[in-house]
Each structure stands twice: as C-alpha cells, then as structure tokens.
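> A single structure is presented below for examination.
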Amino acid sequence: MISSCFKKLKVERDELDRLTDLPINVKHQIQEHLSVEEAARMSVLSRPWKHIWVSIPKLVFSADFCHNKPLIIDVINTILLQHCGAIKTFLVNISSIPSSQHSVIDEWLLLLSRNGIMDLTLQNLDKDRLILNNAPYKLPSCLYGINKLESLRLSNCIFRPTCSFTGFHMLKNLSLLKVVLHLDVATSFLWMPDLVFLQVKLCIGFPNSKIYAPKLSQIFFFTSRTKTLELGHYMDCRMLKTVILASSGTNQDKPINMTYLLKCWPEVRNFGLHTYYLKSVATEAERFPTYLNNLRTLLLFEFDFDDVDHIFALLRMLRISPNLDNLVFRLSSKKKGGIEVNVNHFEGPAYRTLGLLHKLQRLIIRNFHGSTTEMFFVRFIFASAPLLLKTVLSEDAESVHESKSSKELMGFPRASPKLQIYVNNKKK
C-alpha cells in the first residue's frame, strides 16, 4: 500500500518536472490561457512557476475580474510593480474605477509605454458594452508616444492627441467604441501606413479625422448622428476587402457619393449598407462601375421591400456583381405601417437574361415578414439562381402568417435542384 503511494507520488513529480522543463515561451502560453487568479495561484503553489508569472507578457483584467474586486486598483498596482520584463499585451476594464481616481490609470499607461506594449485594450463600459457606467476616460499624453503599438481598442474614452502627434505608424488594428475625438487642424490628419482593420462605432468627432492608411483591408462604421460621414478620405484605400456602413440615423447633412467610392474600391469582397446609404445608391445619377467582380457578400440592413428606392438600389447592385455568393438582408423587426405595395418589380424577361444571380449560393433574410413584395423577391431568386444551395428565412412572428408563407415558399419553382430551405419562426 505504502509502495503504491510512493509510486504515485513519483509519477506525479515526474510529470510536474516535465512541465517545469518546458521552454519559457511555452509556459507563458499556458498561463495566458488561465485567468489572473488561476495564474497567480499556480505561481504560489509551484515555486518554479513564480518567475513565469511575474514575467508573463500578457495581462488581462476582464470586467468580471475587476468588478468583483473592491480593491482592484491595489491589486493591479501590486501585479504591475512585481512584474519584470516586457508587457506586450494589456487589457483592463476600468468602468468600476471612479473618475476621481483616473490618474492611477495614467500611471499604468506610463509604465506600459516604457515596457514594450504592442496590444492595448481599455474598456470603460459594463459587460454589455453599451451602457456608460462612468465618465469618459481622458487618454494621457504618454499614449500618443507609443511607437510600437500594433493594436488599440478603446471604449468611452476622450482622444485628444498632442500637437506633435501624427499617428501610430506601426498600428495594424484600431477599434473605437463611444470615443470622443478632439482633433484640430494639426492633428486631424493621422498617418497609419500599416493599418489593416478599422472599426468606429458611435463615436463623436470622427468625421473630422483624415486617416492615411494605404493597407486598410476592413472598415466598419456605425454612426448615430446625422452629421455626414466623410468617406472621401478613404478613396485611396484600394486594398479594401470588407466595408460595412451602418447607421441608426435617418439622414445626413448631405448624401455620400457611393458611386465614386465603389469605383475607388475595386477589390471589395464584402459590402454592407444601411438604409440611408442604400437610398443614396438609388438616387445617384452617375453610372456605377462596370462590374464589382470581386464582390462575394452583400449585406443590406433595415431593408424595406415596399420602398421603391430600396428595390432600385438592390437591382443596381445585383447588375454589377456577377460573382456574388451570399445575399443577406436584415429587415426592421416590425413591419412599418402603411399600404403594402403589390407591384412585382422582379418580373419580366429582362431580369432573366441579365445573368444576375448565376453564382449565388446563399440567401438569408432576417425578420422576414412574408409581405407580397418579399414573396415576389424570393420567388425571383429561386427561379434565377441555378447554384443556390441554401435559403434561410427568419420570420418575424408579429407580422407573418407562418403556415401561409411556408406553404407558398415550398411551392415556388427552383432553378437549383440542390436548394435547401430553412424557415425559422420567432416564438415570443
């Protein structure tokens, strides 16, 4: 019995020794997959791992961790003071820290700026990322001097750069959520030659910025105000692959020339448009580019099949997208009041001979209402897309007659023998 216990202890010790003998970078990767509490506990229980814990290059203080610690400032201060070596990645949720103590965050950022920080995330929102629990955090001047920063994610912060700031020259990813930008003439032009990903959501002051980013591949804009979003600054971004333009506003000061922008973005593969931008497509008199040959996915937000401008814009987009694979609609959650339009805009031999949908494989419509015009459109897609493999219709339970629409859909003629239809019913 005793000998078996000794054997078991020896096996466990041998396994621990093998883990301890791993290269330090592998040990760091192991601890990076643990929470702060787990990594700290591991360093306490195993002496060889104590050095690993205090030299880990990635520190993550999530919302769950910060909100459950009444002395969170003291905890983070202790960890940073004991840390030795570079800190490459740093994430912290500061929404539980009152604005009267924001100066301590300035000290953290000053320390990080001197320790090789490359990936920085400052979260000043609660868990759902929408409700403001705290005053905006004003970024300190030391942040604008971090030359090696490659990824920056900010929420509920004030971005007021120094006069000498021209941009983050090594930055590849920039994400701004509810950030207030104070840019004057000297700082409005930002040079970010390596920027690949840009996301701007519900920010104030962004239309005044001009970003030079020739390598930009993905842009996501979500605005809530009616002030015009100036996209002309991105006309030289010819490597753009994904463009998503969404808005909660109904209009802007002046329309955006989408025709001109599309001519400047020949490599776009994924394109998403909100209602307002879609209307500008319909009303522009200029001719569209001959073709968007690389466009594979088209997303249309708040689309209304009873709006003639929306239908006209949709047909314009389909005509210049011969290689479209995915067509996605997100309709309003409730059908707007008014008289339902029963005109079939998708009828006639002209649409059958244009070859609009010869490569379409997936059709997705969220908040499907089952209106007459919507049914006309689905029937048109089924009859015109020979490679269509999958159609997903997520019905709006408040405005669709479930049994009627499903039966009618299943009876539509199909150009694709492999088409599978999925009808999801929202139950409340």
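Note on naming: chains are A, B, ... as they come in the structure tokens, residues start from 1 per chain, ligands start from 1 in the order shown.
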Counting only C-alpha atoms, what is within 12 Å of A:Ala385, bar same-chain residues fewer than 4 positions away, as a PyMOL selection string?

chain A and resi 322-327+351-363+378-381+389-391+413-419

> When you look at A:Asp236 with a cut-off of 12 Å (counting only C-alpha atoms), what residues show up, excluding the ones that are within fewer than 4 positions of it in the same chain? I need them as a ChimeraX atom specification.

/A:210-217,231-232,240,260-267

> Once you have the residues from the selection above, write them out as a short mmCIF file (atom, residue, chain, number, x, y, z; two decimals), in the first residue's frame, restricted to C-alpha atoms.


```cif
data_model
loop_
_atom_site.label_atom_id
_atom_site.label_comp_id
_atom_site.auth_asym_id
_atom_site.auth_seq_id
_atom_site.Cartn_x
_atom_site.Cartn_y
_atom_site.Cartn_z
CA LYS A 210 -8.38 62.05 -42.06
CA ILE A 211 -6.52 58.74 -41.88
CA TYR A 212 -3.82 57.81 -44.36
CA ALA A 213 -3.95 54.01 -44.45
CA PRO A 214 -2.99 52.56 -47.86
CA LYS A 215 -3.02 48.97 -46.50
CA LEU A 216 -6.51 49.21 -44.99
CA SER A 217 -8.43 46.00 -45.64
CA LEU A 231 -15.56 58.65 -46.62
CA GLY A 232 -13.68 60.51 -49.30
CA LEU A 240 -10.22 47.30 -49.06
CA TYR A 260 -17.44 57.31 -56.75
CA LEU A 261 -16.33 55.31 -53.71
CA LEU A 262 -17.15 51.97 -55.33
CA LYS A 263 -15.04 52.95 -58.31
CA CYS A 264 -12.16 53.51 -55.87
CA TRP A 265 -12.66 50.17 -54.10
CA PRO A 266 -12.33 47.57 -56.88
CA GLU A 267 -11.16 44.79 -54.52
#
```

> Can you list, as an MDAnalysis selection string, every residue of stretch 78-285 of chain A that DSSP puts in helix (DSSP H, G or I)?

chainID A and resid 78:82 99:101 103:113 141:145 206:208 232:234 258:264 275:283

> List as a list in words the protein and nucleic acid residues near A:Tyr144, meaning an atom at most 10 Å away when only C-alpha atoms are counted, but skip any in the same chain fewer than 2 places from it.

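Selected residues are Ser113, Leu139, Pro140, Ser141, Cys142, Ile146, Asn147, Leu149, Phe159, Arg160, Pro161, Thr162, Ser164, Phe165, Thr166, Gly167 and Phe168 of chain A.
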
> Would you export the selected residues with C-alpha atoms as an mmCIF file, in the first residue's frame, please?


```
data_model
loop_
_atom_site.group_PDB
_atom_site.id
_atom_site.type_symbol
_atom_site.label_atom_id
_atom_site.label_comp_id
_atom_site.auth_asym_id
_atom_site.auth_seq_id
_atom_site.Cartn_x
_atom_site.Cartn_y
_atom_site.Cartn_z
ATOM 1 C CA SER A 113 4.640 52.843 -22.618
ATOM 2 C CA LEU A 139 -6.188 59.421 -22.511
ATOM 3 C CA PRO A 140 -2.843 60.711 -21.199
ATOM 4 C CA SER A 141 -0.195 62.234 -23.443
ATOM 5 C CA CYS A 142 2.148 59.258 -22.968
ATOM 6 C CA ILE A 146 3.942 54.653 -28.007
ATOM 7 C CA ASN A 147 5.747 53.951 -31.265
ATOM 8 C CA LEU A 149 1.701 49.917 -30.749
ATOM 9 C CA PHE A 159 -8.966 61.033 -27.637
ATOM 10 C CA ARG A 160 -7.206 64.421 -27.557
ATOM 11 C CA PRO A 161 -3.716 63.990 -29.056
ATOM 12 C CA THR A 162 -0.820 66.360 -28.576
ATOM 13 C CA SER A 164 3.091 66.755 -32.344
ATOM 14 C CA PHE A 165 1.030 63.576 -32.813
ATOM 15 C CA THR A 166 0.803 62.406 -36.438
ATOM 16 C CA GLY A 167 -0.495 58.870 -35.921
ATOM 17 C CA PHE A 168 0.527 55.401 -34.781
#
```

> Please list as a count of residues only every residue within 7 Å of A:Gln218, counting only C-alpha atoms and excluding residues in the same chain fewer than 5 positions away.

7

> Select, from A:Ile73, A:Ile87, A:Val179, A:Leu125, the residue with the minimum atom-to-atom distance to A:Ser103, counting only C-alpha atoms.

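Among A:Ile73, A:Ile87, A:Val179, A:Leu125, it is A:Ile73 that comes nearest to A:Ser103.
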
> Between atom CA of A:Ile76 and atom CA of A:Val92, measure the distance and give it in Å to one decimal.

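A separation of 9.4 Å between them.
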
> Kindly indicate which residue among A:Asn173, A:Gln420, A:Thr372, A:Thr121 lies nearest to A:Thr89, using only C-alpha atoms for the distances.

A:Thr121

> Quick check, in Å to one decimal: how far apart do atom CA of A:Lys88 and atom CA of A:Lys201 lie?

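Spanning atom CA of A:Lys88 to atom CA of A:Lys201 is a straight-line distance of 25.7 Å.
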
> Any idea what's packed within 12 Å of A:Asn115, counting only C-alpha atoms, ignoring anything in its chain fewer than 2 positions away? Could you give it as a list in words?

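Surrounding residues, per the criterion: Ser55, Pro57, Lys58, Leu80, His83, Cys84, Gly85, Ala86, Ile87, Lys88, Thr89, Phe90, Trp108, Leu109, Leu110, Leu111, Leu112, Ser113, Ile117, Met118, Asp119, Ile146, Asn147, Lys148 and Leu149 of chain A.
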
> With a distance cut-off of 6 Å and only C-alpha atoms, select the neighbouring residues of stretch 296-304 of chain A, excluding the residue or stretch itself and same-chain residues fewer than 6 positions from it, and output the selection as a list in words.

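Once the nearby chain positions are removed, what remains is Arg269, Asn270, Phe271, Gly272, Leu273, His274, Thr275, Leu324, Asp325, Asn326, Leu327, Val328, Phe329, Arg330, Leu331 and Ser332 of chain A.
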
> Can you work out which one of A:Ile94, A:Val180, A:Leu171, A:Leu81 has the shortest atom-to-atom distance to A:Ala63, counting only C-alpha atoms?

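Looking at the shortest contact to A:Ala63, the residue is A:Ile94.
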